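Trainee: mmCIF, C-alpha atoms, saved as work_5.cif, coming up:
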```
data_final
loop_
_atom_site.label_atom_id
_atom_site.label_comp_id
_atom_site.auth_asym_id
_atom_site.auth_seq_id
_atom_site.Cartn_x
_atom_site.Cartn_y
_atom_site.Cartn_z
CA MET O 1 37.06 -8.69 -46.25
CA LYS O 2 35.01 -7.24 -43.33
CA GLU O 3 31.72 -5.70 -44.37
CA PRO O 4 29.80 -3.00 -42.46
CA LYS O 5 26.62 -3.99 -40.64
CA GLU O 6 23.33 -2.25 -41.26
CA LEU O 7 21.94 -1.19 -37.90
CA ASN O 8 18.82 0.63 -36.78
CA ILE O 9 19.51 2.86 -33.77
CA HIS O 10 16.89 4.54 -31.57
CA TYR O 11 17.72 7.29 -29.11
CA TYR O 12 16.04 8.20 -25.85
CA ALA O 13 16.29 10.96 -23.27
CA VAL O 14 19.63 12.78 -23.11
CA LEU O 15 20.97 10.72 -26.04
CA ARG O 16 18.01 11.77 -28.19
CA GLU O 17 18.65 15.40 -27.38
CA LYS O 18 22.37 15.14 -28.17
CA ALA O 19 21.87 13.13 -31.38
CA GLY O 20 19.09 15.48 -32.43
CA LYS O 21 17.00 12.58 -33.74
CA THR O 22 14.85 9.72 -32.44
CA GLU O 23 16.32 7.08 -34.74
CA GLU O 24 18.57 6.46 -37.69
CA ASP O 25 19.83 3.65 -39.94
CA ILE O 26 23.60 3.44 -40.05
CA GLU O 27 26.35 1.26 -41.44
CA SER O 28 28.94 0.38 -38.84
CA PHE O 29 32.05 -1.76 -38.47
CA ALA O 30 31.53 -1.91 -34.67
CA SER O 31 31.46 -5.53 -33.54
CA THR O 32 29.77 -4.90 -30.17
CA PRO O 33 27.37 -2.35 -28.62
CA LEU O 34 30.29 -1.06 -26.54
CA GLU O 35 32.30 -0.21 -29.66
CA LEU O 36 29.21 1.24 -31.33
CA TYR O 37 28.41 3.42 -28.33
CA LYS O 38 31.93 4.80 -28.23
CA ASP O 39 31.73 5.68 -31.95
CA LEU O 40 28.38 7.43 -31.50
CA ALA O 41 29.42 9.16 -28.28
CA GLY O 42 32.36 10.64 -30.19
CA LYS O 43 30.13 11.71 -33.07
CA TYR O 44 27.31 13.27 -31.00
CA GLY O 45 29.07 14.24 -27.77
CA PHE O 46 27.02 11.97 -25.49
CA PRO O 47 27.66 13.06 -21.90
CA LEU O 48 27.46 9.57 -20.41
CA ASP O 49 30.38 7.18 -20.00
CA ALA O 50 29.82 3.75 -21.60
CA ARG O 51 30.05 2.20 -18.12
CA SER O 52 26.73 3.76 -17.14
CA ILE O 53 24.95 2.62 -20.31
CA ARG O 54 23.03 -0.60 -20.89
CA VAL O 55 21.84 -1.84 -24.25
CA SER O 56 18.75 -3.41 -25.76
CA ILE O 57 19.08 -5.38 -28.99
CA ASN O 58 15.85 -6.27 -30.79
CA GLU O 59 13.84 -5.30 -27.71
CA GLU O 60 15.73 -7.41 -25.14
CA PHE O 61 18.40 -6.33 -22.68
CA GLN O 62 21.81 -7.63 -23.78
CA SER O 63 25.41 -7.36 -22.69
CA MET O 64 27.48 -4.50 -24.10
CA ASP O 65 29.82 -7.24 -25.42
CA THR O 66 27.21 -9.09 -27.49
CA ALA O 67 28.17 -9.59 -31.14
CA LEU O 68 26.18 -7.22 -33.35
CA CYS O 69 24.52 -8.58 -36.50
CA SER O 70 23.34 -6.78 -39.60
CA GLY O 71 19.69 -5.85 -39.21
CA ASP O 72 19.87 -5.43 -35.42
CA CYS O 73 17.79 -2.74 -33.75
CA VAL O 74 20.06 -1.24 -31.09
CA ILE O 75 18.85 1.01 -28.27
CA PHE O 76 21.18 2.41 -25.63
CA ILE O 77 19.66 2.71 -22.17
CA PRO O 78 20.94 5.61 -20.05
CA PRO O 79 20.48 5.28 -16.25
CA VAL O 80 16.73 4.92 -15.72
CA ALA O 81 14.58 7.15 -13.50
CA GLY O 82 11.06 5.76 -13.54
CA GLY O 83 8.49 5.83 -10.80
CA MET F 1 -19.71 -0.36 56.58
CA LYS F 2 -18.97 -1.19 52.91
CA GLU F 3 -21.45 0.30 50.46
CA PRO F 4 -22.25 -1.00 46.98
CA LYS F 5 -20.99 1.00 43.98
CA GLU F 6 -23.32 2.20 41.28
CA LEU F 7 -21.87 1.14 37.93
CA ASN F 8 -22.94 1.52 34.32
CA ILE F 9 -22.02 -1.54 32.27
CA HIS F 10 -22.09 -1.80 28.46
CA TYR F 11 -21.90 -5.10 26.63
CA TYR F 12 -20.49 -5.86 23.18
CA ALA F 13 -20.33 -8.83 20.86
CA VAL F 14 -20.63 -12.25 22.51
CA LEU F 15 -21.14 -10.63 25.93
CA ARG F 16 -24.05 -8.58 24.58
CA GLU F 17 -25.68 -11.72 23.21
CA LYS F 18 -25.23 -13.65 26.46
CA ALA F 19 -26.39 -10.77 28.70
CA GLY F 20 -29.32 -10.12 26.37
CA LYS F 21 -28.84 -6.35 26.68
CA THR F 22 -26.56 -3.58 25.47
CA GLU F 23 -26.18 -1.90 28.86
CA GLU F 24 -27.42 -1.81 32.44
CA ASP F 25 -26.96 0.09 35.70
CA ILE F 26 -26.05 -2.16 38.58
CA GLU F 27 -25.02 -1.98 42.22
CA SER F 28 -21.97 -4.05 42.97
CA PHE F 29 -19.62 -4.78 45.86
CA ALA F 30 -16.88 -5.82 43.37
CA SER F 31 -13.73 -3.82 44.07
CA THR F 32 -12.04 -4.44 40.68
CA PRO F 33 -13.13 -5.14 37.07
CA LEU F 34 -11.77 -8.68 37.52
CA GLU F 35 -14.14 -9.35 40.42
CA LEU F 36 -17.00 -7.68 38.57
CA TYR F 37 -16.40 -9.75 35.44
CA LYS F 38 -16.42 -12.98 37.42
CA ASP F 39 -19.73 -12.01 39.05
CA LEU F 40 -21.31 -11.16 35.69
CA ALA F 41 -19.84 -14.20 33.96
CA GLY F 42 -21.50 -16.37 36.61
CA LYS F 43 -24.82 -14.53 36.23
CA TYR F 44 -24.96 -14.53 32.39
CA GLY F 45 -22.83 -17.54 31.47
CA PHE F 46 -20.17 -15.58 29.56
CA PRO F 47 -18.10 -18.09 27.58
CA LEU F 48 -14.81 -16.22 27.93
CA ASP F 49 -12.31 -16.69 30.72
CA ALA F 50 -11.38 -13.46 32.54
CA ARG F 51 -7.79 -13.91 31.35
CA SER F 52 -8.84 -13.17 27.75
CA ILE F 53 -10.83 -10.05 28.69
CA ARG F 54 -9.60 -6.46 28.86
CA VAL F 55 -11.52 -3.58 30.38
CA SER F 56 -12.31 0.02 29.57
CA ILE F 57 -13.31 2.35 32.42
CA ASN F 58 -14.79 5.72 31.42
CA GLU F 59 -13.60 5.21 27.83
CA GLU F 60 -9.95 4.38 28.58
CA PHE F 61 -8.25 1.00 28.68
CA GLN F 62 -7.43 0.08 32.31
CA SER F 63 -6.00 -2.85 34.21
CA MET F 64 -8.42 -5.55 35.43
CA ASP F 65 -7.07 -4.75 38.92
CA THR F 66 -7.97 -1.04 38.91
CA ALA F 67 -10.10 0.07 41.85
CA LEU F 68 -13.71 0.65 40.77
CA CYS F 69 -15.50 3.80 41.86
CA SER F 70 -19.18 4.56 42.07
CA GLY F 71 -20.32 6.16 38.81
CA ASP F 72 -17.79 4.32 36.62
CA CYS F 73 -18.79 3.25 33.14
CA VAL F 74 -17.28 -0.23 32.71
CA ILE F 75 -16.97 -2.00 29.38
CA PHE F 76 -15.41 -5.42 29.04
CA ILE F 77 -13.43 -5.98 25.85
CA PRO F 78 -13.48 -9.53 24.47
CA PRO F 79 -10.60 -10.47 22.12
CA VAL F 80 -10.84 -8.02 19.22
CA ALA F 81 -11.15 -8.95 15.55
CA GLY F 82 -11.10 -5.76 13.52
CA GLY F 83 -9.72 -5.18 10.06
CA MET Z 1 -0.89 -6.78 -16.30
CA PHE Z 2 1.56 -3.98 -16.99
CA ARG Z 3 0.86 -0.98 -19.20
CA ILE Z 4 2.30 2.38 -20.25
CA SER Z 5 -0.24 5.22 -20.31
CA ASP Z 6 -0.23 8.44 -22.36
CA VAL Z 7 -3.16 9.81 -20.40
CA PRO Z 8 -3.65 10.58 -16.67
CA ILE Z 9 -3.75 7.44 -14.51
CA ASP Z 10 -7.23 6.82 -13.03
CA ALA Z 11 -6.49 5.03 -9.74
CA ASP Z 12 -10.15 4.38 -8.99
CA LEU Z 13 -10.68 2.71 -12.36
CA LEU Z 14 -7.53 0.61 -11.96
CA SER Z 15 -8.52 -0.62 -8.51
CA LYS Z 16 -11.70 -2.01 -10.08
CA GLU Z 17 -9.49 -4.43 -12.05
CA LEU Z 18 -8.50 -5.93 -8.71
CA ILE Z 19 -11.72 -7.50 -7.51
CA ASN Z 20 -11.81 -11.12 -6.36
CA SER Z 21 -14.04 -12.57 -3.65
CA ARG Z 22 -11.08 -14.51 -2.22
CA ALA Z 23 -9.14 -11.27 -1.62
CA GLY Z 24 -8.92 -10.07 1.99
CA ALA Z 25 -6.26 -7.45 1.28
CA PHE Z 26 -5.72 -4.78 -1.36
CA VAL Z 27 -2.55 -2.68 -1.26
CA CYS Z 28 -1.72 0.04 -3.73
CA PHE Z 29 1.12 2.43 -4.33
CA GLU Z 30 0.95 5.72 -6.24
CA GLY Z 31 4.12 7.54 -7.18
CA ARG Z 32 3.21 11.21 -7.52
CA VAL Z 33 5.12 14.16 -8.94
CA ARG Z 34 6.55 16.11 -5.99
CA ASN Z 35 7.11 19.87 -6.00
CA HIS Z 36 10.79 19.41 -5.11
CA ASN Z 37 13.68 17.02 -5.68
CA ASP Z 38 17.25 17.18 -4.36
CA GLY Z 39 16.50 20.60 -2.90
CA CYS Z 40 15.27 22.08 -6.21
CA GLU Z 41 11.78 23.40 -6.83
CA VAL Z 42 10.18 21.29 -9.58
CA VAL Z 43 7.43 22.83 -11.72
CA SER Z 44 6.68 19.90 -14.04
CA LEU Z 45 8.37 16.96 -15.69
CA LYS Z 46 8.43 14.69 -18.68
CA TYR Z 47 8.69 10.91 -18.73
CA GLU Z 48 10.15 9.37 -21.85
CA VAL Z 49 9.59 5.62 -22.13
CA TYR Z 50 11.05 2.96 -24.42
CA GLU Z 51 7.60 1.49 -24.61
CA GLY Z 52 8.24 -1.88 -26.25
CA LEU Z 53 10.85 -2.95 -23.74
CA ALA Z 54 9.11 -1.25 -20.78
CA VAL Z 55 5.92 -3.25 -21.34
CA LYS Z 56 7.93 -6.49 -21.57
CA GLU Z 57 10.05 -5.72 -18.51
CA GLY Z 58 7.06 -4.52 -16.47
CA GLY Z 59 5.25 -7.74 -17.35
CA ARG Z 60 8.26 -9.76 -16.21
CA ILE Z 61 8.37 -7.88 -12.89
CA ILE Z 62 4.71 -8.68 -12.28
CA GLU Z 63 5.25 -12.36 -13.12
CA GLU Z 64 8.18 -12.45 -10.70
CA ALA Z 65 6.01 -10.91 -7.97
CA LYS Z 66 3.34 -13.56 -8.54
CA GLU Z 67 5.90 -16.36 -8.27
CA LYS Z 68 7.60 -14.90 -5.22
CA TYR Z 69 4.55 -13.89 -3.14
CA ASP Z 70 1.19 -15.48 -2.41
CA VAL Z 71 -0.98 -12.97 -4.28
CA LEU Z 72 -4.08 -13.19 -6.44
CA GLU Z 73 -3.50 -10.37 -8.94
CA VAL Z 74 -1.09 -7.53 -9.66
CA VAL Z 75 -1.58 -4.47 -11.89
CA GLY Z 76 1.04 -1.87 -12.79
CA VAL Z 77 0.87 1.26 -14.96
CA HIS Z 78 3.53 3.89 -15.74
CA ARG Z 79 2.80 7.28 -17.29
CA GLN Z 80 4.69 8.81 -20.18
CA GLY Z 81 4.62 12.38 -21.45
CA HIS Z 82 4.31 15.68 -19.63
CA LEU Z 83 3.20 15.63 -15.96
CA GLU Z 84 2.33 18.35 -13.44
CA ILE Z 85 2.83 18.42 -9.65
CA GLY Z 86 0.51 15.90 -7.98
CA ASP Z 87 -0.02 13.80 -11.11
CA ILE Z 88 0.35 10.05 -10.75
CA ALA Z 89 3.58 8.85 -12.40
CA VAL Z 90 3.22 5.17 -11.55
CA TRP Z 91 0.51 2.99 -9.99
CA VAL Z 92 0.86 -0.52 -8.56
CA GLY Z 93 -2.04 -2.48 -7.06
CA VAL Z 94 -2.03 -5.95 -5.51
CA ILE Z 95 -4.75 -8.19 -4.09
CA ALA Z 96 -4.05 -11.21 -1.89
CA GLU Z 97 -5.82 -13.32 0.68
CA HIS Z 98 -3.69 -11.80 3.46
CA ARG Z 99 -2.10 -8.42 3.94
CA GLY Z 100 1.51 -9.51 4.47
CA SER Z 101 2.04 -10.79 0.95
CA ALA Z 102 0.04 -7.90 -0.56
CA PHE Z 103 2.35 -5.33 1.09
CA GLU Z 104 5.51 -7.24 0.18
CA ALA Z 105 4.53 -7.81 -3.45
CA CYS Z 106 3.52 -4.17 -3.93
CA ARG Z 107 6.83 -2.98 -2.50
CA PHE Z 108 8.76 -5.45 -4.66
CA VAL Z 109 7.03 -4.33 -7.87
CA ILE Z 110 7.62 -0.60 -7.35
CA ASP Z 111 11.24 -1.16 -6.30
CA GLU Z 112 11.91 -3.25 -9.42
CA ILE Z 113 10.09 -0.77 -11.67
CA LYS Z 114 12.35 2.00 -10.38
CA HIS Z 115 15.47 -0.02 -11.08
CA ARG Z 116 14.63 -1.87 -14.26
CA LEU Z 117 12.05 -0.07 -16.39
CA PRO Z 118 13.52 1.84 -19.38
CA VAL Z 119 11.97 5.16 -18.36
CA TRP Z 120 13.68 8.55 -18.15
CA LYS Z 121 12.60 11.65 -16.32
CA LYS Z 122 13.36 15.22 -17.30
CA GLU Z 123 12.63 17.68 -14.51
CA HIS Z 124 11.75 21.30 -15.18
CA TYR Z 125 12.79 23.59 -12.31
CA MET Z 126 11.75 27.01 -11.10
CA HIS Z 127 15.25 28.45 -10.80
CA LYS Z 128 17.58 26.45 -13.03
CA GLU Z 129 17.88 24.60 -16.29
CA SER Z 130 15.88 21.43 -16.95
CA LYS Z 131 17.74 18.19 -16.41
CA TRP Z 132 17.49 14.48 -17.19
CA VAL Z 133 17.55 12.86 -13.75
CA ASN Z 134 20.49 10.44 -13.25
CA CYS Z 135 21.96 11.43 -16.62
CA SER Z 136 24.37 14.20 -15.72
CA GLU Z 137 28.02 13.75 -16.69
CA ASN Z 138 28.97 13.37 -13.05
CA HIS Z 139 26.37 10.77 -12.25
CA GLY Z 140 27.72 8.23 -9.81
CA HIS Z 141 30.89 10.14 -9.03
CA MET K 1 -7.72 11.32 11.19
CA PHE K 2 -9.47 8.15 12.30
CA ARG K 3 -13.16 7.46 11.88
CA ILE K 4 -15.78 4.73 12.25
CA SER K 5 -18.24 4.51 9.36
CA ASP K 6 -21.78 3.15 9.28
CA VAL K 7 -21.92 3.39 5.50
CA PRO K 8 -19.82 1.77 2.75
CA ILE K 9 -16.25 3.08 2.64
CA ASP K 10 -15.55 5.15 -0.49
CA ALA K 11 -11.84 4.60 -1.12
CA ASP K 12 -11.70 7.10 -3.98
CA LEU K 13 -13.18 9.85 -1.81
CA LEU K 14 -10.82 9.05 1.07
CA SER K 15 -7.75 9.18 -1.13
CA LYS K 16 -8.72 12.76 -2.03
CA GLU K 17 -8.08 13.69 1.63
CA LEU K 18 -4.45 12.75 1.02
CA ILE K 19 -3.28 15.41 -1.40
CA ASN K 20 -0.12 17.41 -0.74
CA SER K 21 2.27 18.77 -3.33
CA ARG K 22 5.25 17.59 -1.23
CA ALA K 23 4.04 13.98 -1.41
CA GLY K 24 5.93 11.64 -3.75
CA ALA K 25 4.31 8.47 -2.43
CA PHE K 26 0.80 7.38 -1.55
CA VAL K 27 0.24 3.90 -0.10
CA CYS K 28 -3.14 2.52 0.85
CA PHE K 29 -4.48 -0.66 2.35
CA GLU K 30 -8.02 -1.99 2.04
CA GLY K 31 -9.18 -4.88 4.19
CA ARG K 32 -12.00 -6.57 2.30
CA VAL K 33 -14.51 -9.21 3.36
CA ARG K 34 -13.28 -12.56 2.00
CA ASN K 35 -15.60 -15.40 0.97
CA HIS K 36 -13.80 -17.80 3.31
CA ASN K 37 -12.03 -17.90 6.66
CA ASP K 38 -10.37 -20.82 8.43
CA GLY K 39 -11.68 -23.16 5.75
CA CYS K 40 -15.32 -22.06 6.16
CA GLU K 41 -17.43 -20.43 3.47
CA VAL K 42 -18.42 -16.95 4.67
CA VAL K 43 -21.61 -15.38 3.30
CA SER K 44 -21.57 -12.07 5.19
CA LEU K 45 -20.49 -10.59 8.49
CA LYS K 46 -21.20 -7.98 11.09
CA TYR K 47 -18.73 -5.62 12.77
CA GLU K 48 -19.67 -4.37 16.20
CA VAL K 49 -17.59 -1.42 17.40
CA TYR K 50 -17.19 0.26 20.77
CA GLU K 51 -17.17 3.55 18.94
CA GLY K 52 -16.04 6.00 21.63
CA LEU K 53 -12.93 4.04 22.52
CA ALA K 54 -12.27 2.91 18.93
CA VAL K 55 -12.11 6.50 17.68
CA LYS K 56 -9.72 7.43 20.52
CA GLU K 57 -7.51 4.38 20.04
CA GLY K 58 -7.49 4.73 16.23
CA GLY K 59 -6.46 8.38 16.65
CA ARG K 60 -3.64 7.33 18.97
CA ILE K 61 -2.41 4.74 16.45
CA ILE K 62 -2.28 7.40 13.73
CA GLU K 63 -0.40 9.81 16.02
CA GLU K 64 2.09 7.04 16.82
CA ALA K 65 2.60 6.38 13.11
CA LYS K 66 3.28 10.07 12.49
CA GLU K 67 5.86 10.16 15.29
CA LYS K 68 7.54 6.92 14.24
CA TYR K 69 7.71 7.44 10.44
CA ASP K 70 8.51 10.37 8.19
CA VAL K 71 5.03 10.83 6.71
CA LEU K 72 2.89 13.82 5.74
CA GLU K 73 -0.60 12.55 6.52
CA VAL K 74 -2.42 9.37 7.59
CA VAL K 75 -6.13 8.54 7.32
CA GLY K 76 -7.88 5.46 8.73
CA VAL K 77 -11.52 4.34 8.64
CA HIS K 78 -13.19 1.20 10.00
CA ARG K 79 -16.68 0.02 9.06
CA GLN K 80 -19.33 -1.11 11.48
CA GLY K 81 -22.58 -2.94 10.78
CA HIS K 82 -23.46 -5.61 8.26
CA LEU K 83 -21.01 -6.26 5.37
CA GLU K 84 -21.13 -8.45 2.28
CA ILE K 85 -18.31 -10.27 0.47
CA GLY K 86 -15.99 -7.76 -1.21
CA ASP K 87 -17.03 -4.82 1.00
CA ILE K 88 -14.24 -2.74 2.50
CA ALA K 89 -13.95 -3.39 6.25
CA VAL K 90 -11.03 -1.05 6.91
CA TRP K 91 -9.09 1.53 4.89
CA VAL K 92 -5.72 3.08 5.69
CA GLY K 93 -4.01 5.67 3.48
CA VAL K 94 -0.64 7.35 3.94
CA ILE K 95 1.23 10.05 2.02
CA ALA K 96 4.94 10.73 2.44
CA GLU K 97 7.78 12.30 0.51
CA HIS K 98 9.31 8.87 -0.11
CA ARG K 99 7.83 5.42 -0.51
CA GLY K 100 9.73 3.59 2.24
CA SER K 101 8.12 5.45 5.11
CA ALA K 102 4.70 5.42 3.39
CA PHE K 103 4.77 1.60 3.15
CA GLU K 104 6.05 1.16 6.71
CA ALA K 105 3.55 3.57 8.28
CA CYS K 106 0.62 2.00 6.40
CA ARG K 107 1.65 -1.47 7.55
CA PHE K 108 2.12 -0.27 11.13
CA VAL K 109 -1.34 1.34 11.26
CA ILE K 110 -3.24 -1.69 9.95
CA ASP K 111 -1.29 -4.07 12.23
CA GLU K 112 -2.06 -1.93 15.28
CA ILE K 113 -5.72 -1.52 14.28
CA LYS K 114 -6.07 -5.30 14.12
CA HIS K 115 -4.55 -5.73 17.57
CA ARG K 116 -5.87 -2.74 19.47
CA LEU K 117 -9.17 -1.44 18.11
CA PRO K 118 -12.24 -2.53 20.15
CA VAL K 119 -14.01 -4.10 17.16
CA TRP K 120 -15.63 -7.52 16.97
CA LYS K 121 -16.56 -9.57 13.95
CA LYS K 122 -19.41 -12.06 13.69
CA GLU K 123 -19.13 -14.25 10.64
CA HIS K 124 -22.15 -15.83 8.99
CA TYR K 125 -21.30 -19.10 7.23
CA MET K 126 -22.87 -21.15 4.47
CA HIS K 127 -22.76 -24.48 6.29
CA LYS K 128 -22.58 -23.81 10.04
CA GLU K 129 -23.68 -21.53 12.83
CA SER K 130 -22.58 -17.89 12.96
CA LYS K 131 -19.67 -17.17 15.26
CA TRP K 132 -17.90 -14.25 16.94
CA VAL K 133 -14.33 -14.54 15.65
CA ASN K 134 -11.74 -15.05 18.44
CA CYS K 135 -14.50 -15.37 21.04
CA SER K 136 -15.09 -19.11 21.19
CA GLU K 137 -14.67 -20.80 24.57
CA ASN K 138 -11.57 -22.56 23.34
CA HIS K 139 -9.87 -19.48 22.00
CA GLY K 140 -6.16 -19.60 22.58
CA HIS K 141 -6.10 -23.19 23.79
#
```
Could the structure of this file be written out as structure tokens, please?
Mentor:
Amino acid sequence: MKEPKELNIHYYAVLREKAGKTEEDIESFASTPLELYKDLAGKYGFPLDARSIRVSINEEFQSMDTALCSGDCVIFIPPVAGG
Amino acid sequence: MKEPKELNIHYYAVLREKAGKTEEDIESFASTPLELYKDLAGKYGFPLDARSIRVSINEEFQSMDTALCSGDCVIFIPPVAGG
Amino acid sequence: MFRISDVPIDADLLSKELINSRAGAFVCFEGRVRNHNDGCEVVSLKYEVYEGLAVKEGGRIIEEAKEKYDVLEVVGVHRQGHLEIGDIAVWVGVIAEHRGSAFEACRFVIDEIKHRLPVWKKEHYMHKESKWVNCSENHGH
Amino acid sequence: MFRISDVPIDADLLSKELINSRAGAFVCFEGRVRNHNDGCEVVSLKYEVYEGLAVKEGGRIIEEAKEKYDVLEVVGVHRQGHLEIGDIAVWVGVIAEHRGSAFEACRFVIDEIKHRLPVWKKEHYMHKESKWVNCSENHGH
């Protein structure tokens, strides 16, 4: 039987404002960051389409199709605007 | 009858060292900077061929074939090396 | 060397990290907060930075610049927090024996920083609501 | 603004001349005295400048840069006299709204200075006689 993964999520910029928090620990059945983002976007009303989002897992850029593992630290990266 | 022109000549860099002076007033029958340079190169042993020299007359770059006038301030410009 | 700074960037101090008697050329870039963007009057802004990844990615950009161009040293710093008009948002300095590679490496580093660093900018305007740059719903449409 | 300086160039002070709240980009170039040139160990050098014409020609270069590129302000300074290793020989600073034109204008100005300014450099070497750069009898052959 499929078990939920324990994930640590941090939020930045517009996602932080919409989620109303900087981070949270959640249990999720999402198998990839793409699935996870869609779940959270539905929950918090994120304004950005998943196609414009990148993801960092455990402080490295990864594909939105990477398999998530329990214990992962997941950070969604909205379009950047440094400099 | 052709009269000599009174010219003020300033020397820089390797020309200054060879001439042994920073400037001088001379009388010359040279009609162009090119002729003048050849005369002075013969007198002082300037190491540079006239083809590598440019000239300033009265603080503006000019052609080596410009007609010289009495009272001109003539400065020969060896290959530059600024920066 | 790449860093994220919470305090105002001191360009003079940073340039002193780039001293080498083989260097014939020093090129630096400062990105400063402008008083306008996209036709709107900007009064101040905030940079939010995912610091752990930004430091790693900035370090990678600098290593790439050193591999790609014939340079002696490269330093980069990005601000986070609240900034006013004229404040330095990002600073990149390069020393090299010759100027060509110093200019090219400096340009490369700032271009990559703008594209790759996990940094977000919220602009506060005179006449309309604050906004996260690049993060509107219609971005890219 | 183009100047010839008899005293050490203070880059920090010069950059303060380039402040404008419309500027999003500042790019500067420093040409520094290297400890070697053409395989020879340099100990110091002297710049001799035909100051009247150099100031005019430097001013023209800066005006050309302002016409050619979308920049807000350009400053250039060249040293004359005796310089040691690491000293700044020439400084060029540019501010613009955007970085592309700031980089291009800065590069243009230093390239033109090197080709057009009536400035001569005598290098003093560790192991051989001093020499006026570019002024040997065999130059260009």
Trainee: What would the selection look like, as a CSV table (one decimal) with C-alpha atoms, keeping the file's coordinate frame, if the PyMOL selection byres ((chain Z) within 10 of (chain O)) were run on the coordinates I just shared?
Mentor:
```csv
chain,number,residue,atom,x,y,z
Z,30,GLU,CA,1.0,5.7,-6.2
Z,31,GLY,CA,4.1,7.5,-7.2
Z,32,ARG,CA,3.2,11.2,-7.5
Z,33,VAL,CA,5.1,14.2,-8.9
Z,46,LYS,CA,8.4,14.7,-18.7
Z,47,TYR,CA,8.7,10.9,-18.7
Z,48,GLU,CA,10.2,9.4,-21.8
Z,49,VAL,CA,9.6,5.6,-22.1
Z,50,TYR,CA,11.0,3.0,-24.4
Z,51,GLU,CA,7.6,1.5,-24.6
Z,52,GLY,CA,8.2,-1.9,-26.2
Z,53,LEU,CA,10.8,-3.0,-23.7
Z,54,ALA,CA,9.1,-1.2,-20.8
Z,56,LYS,CA,7.9,-6.5,-21.6
Z,57,GLU,CA,10.0,-5.7,-18.5
Z,77,VAL,CA,0.9,1.3,-15.0
Z,78,HIS,CA,3.5,3.9,-15.7
Z,79,ARG,CA,2.8,7.3,-17.3
Z,80,GLN,CA,4.7,8.8,-20.2
Z,88,ILE,CA,0.4,10.0,-10.8
Z,89,ALA,CA,3.6,8.8,-12.4
Z,90,VAL,CA,3.2,5.2,-11.6
Z,91,TRP,CA,0.5,3.0,-10.0
Z,110,ILE,CA,7.6,-0.6,-7.4
Z,111,ASP,CA,11.2,-1.2,-6.3
Z,112,GLU,CA,11.9,-3.2,-9.4
Z,113,ILE,CA,10.1,-0.8,-11.7
Z,114,LYS,CA,12.4,2.0,-10.4
Z,115,HIS,CA,15.5,0.0,-11.1
Z,116,ARG,CA,14.6,-1.9,-14.3
Z,117,LEU,CA,12.0,-0.1,-16.4
Z,118,PRO,CA,13.5,1.8,-19.4
Z,119,VAL,CA,12.0,5.2,-18.4
Z,120,TRP,CA,13.7,8.6,-18.2
Z,121,LYS,CA,12.6,11.6,-16.3
Z,122,LYS,CA,13.4,15.2,-17.3
Z,131,LYS,CA,17.7,18.2,-16.4
Z,132,TRP,CA,17.5,14.5,-17.2
Z,133,VAL,CA,17.6,12.9,-13.8
Z,134,ASN,CA,20.5,10.4,-13.2
Z,135,CYS,CA,22.0,11.4,-16.6
Z,136,SER,CA,24.4,14.2,-15.7
Z,137,GLU,CA,28.0,13.8,-16.7
Z,138,ASN,CA,29.0,13.4,-13.0
Z,139,HIS,CA,26.4,10.8,-12.2
Z,140,GLY,CA,27.7,8.2,-9.8
```
Trainee: Enclose all atoms of segment 14-20 of chain O listed in the file in an axis-aligned box, grow every side by 4 Å, and hand back centre and edge lengths in Å to one decimal, as lines of an AutoDock Vina configuration file.
Mentor:
```
center_x = 20.2
center_y = 13.1
center_z = -27.8
size_x = 12.4
size_y = 12.8
size_z = 17.3
```
Trainee: Sorted by chain and rising residue number, list the residues of chain Z at most 8 Å from chain K (counting only C-alpha atoms), each with its closest atom pair and distance in Å to one decimal, as a Markdown table.
Mentor:
```
| residue | atom | partner | partner_atom | distance |
| --- | --- | --- | --- | --- |
| Z:Asp12 | CA | K:Asp12 | CA | 5.9 |
| Z:Ile19 | CA | K:Gly86 | CA | 7.6 |
| Z:Asn20 | CA | K:Gly86 | CA | 7.4 |
| Z:Ser21 | CA | K:Asn35 | CA | 5.6 |
| Z:Arg22 | CA | K:Arg34 | CA | 5.1 |
| Z:Ala23 | CA | K:Arg34 | CA | 5.6 |
| Z:Gly24 | CA | K:Arg32 | CA | 4.7 |
| Z:Ala25 | CA | K:Gly31 | CA | 4.9 |
| Z:Phe26 | CA | K:Glu30 | CA | 5.0 |
| Z:Val27 | CA | K:Phe29 | CA | 4.6 |
| Z:Cys28 | CA | K:Cys28 | CA | 5.4 |
| Z:Phe29 | CA | K:Val27 | CA | 4.6 |
| Z:Glu30 | CA | K:Phe26 | CA | 5.0 |
| Z:Gly31 | CA | K:Ala25 | CA | 4.8 |
| Z:Arg32 | CA | K:Gly24 | CA | 4.7 |
| Z:Val33 | CA | K:Gly24 | CA | 5.8 |
| Z:Arg34 | CA | K:Gly24 | CA | 5.0 |
| Z:Asn35 | CA | K:Arg22 | CA | 5.6 |
| Z:His36 | CA | K:Arg22 | CA | 7.0 |
| Z:Ile85 | CA | K:Ser21 | CA | 6.4 |
| Z:Gly86 | CA | K:Ser21 | CA | 5.7 |
| Z:Glu97 | CA | K:Arg34 | CA | 7.6 |
| Z:Arg99 | CA | K:Gly31 | CA | 7.9 |
| Z:Phe103 | CA | K:Arg107 | CA | 7.6 |
| Z:Arg107 | CA | K:Phe103 | CA | 7.6 |
```
Trainee: Quick one, how far is atom CA of Pro8 of chain Z from atom CA of Leu83 of chain Z?
Mentor: 8.5 Å
Trainee: Atom CA of Ser44 of chain K and atom CA of Ile62 of chain K, how far apart in Å?
Mentor: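 Separation of atom CA of Ile62 of chain K and atom CA of Ser44 of chain K: 28.7 Å.
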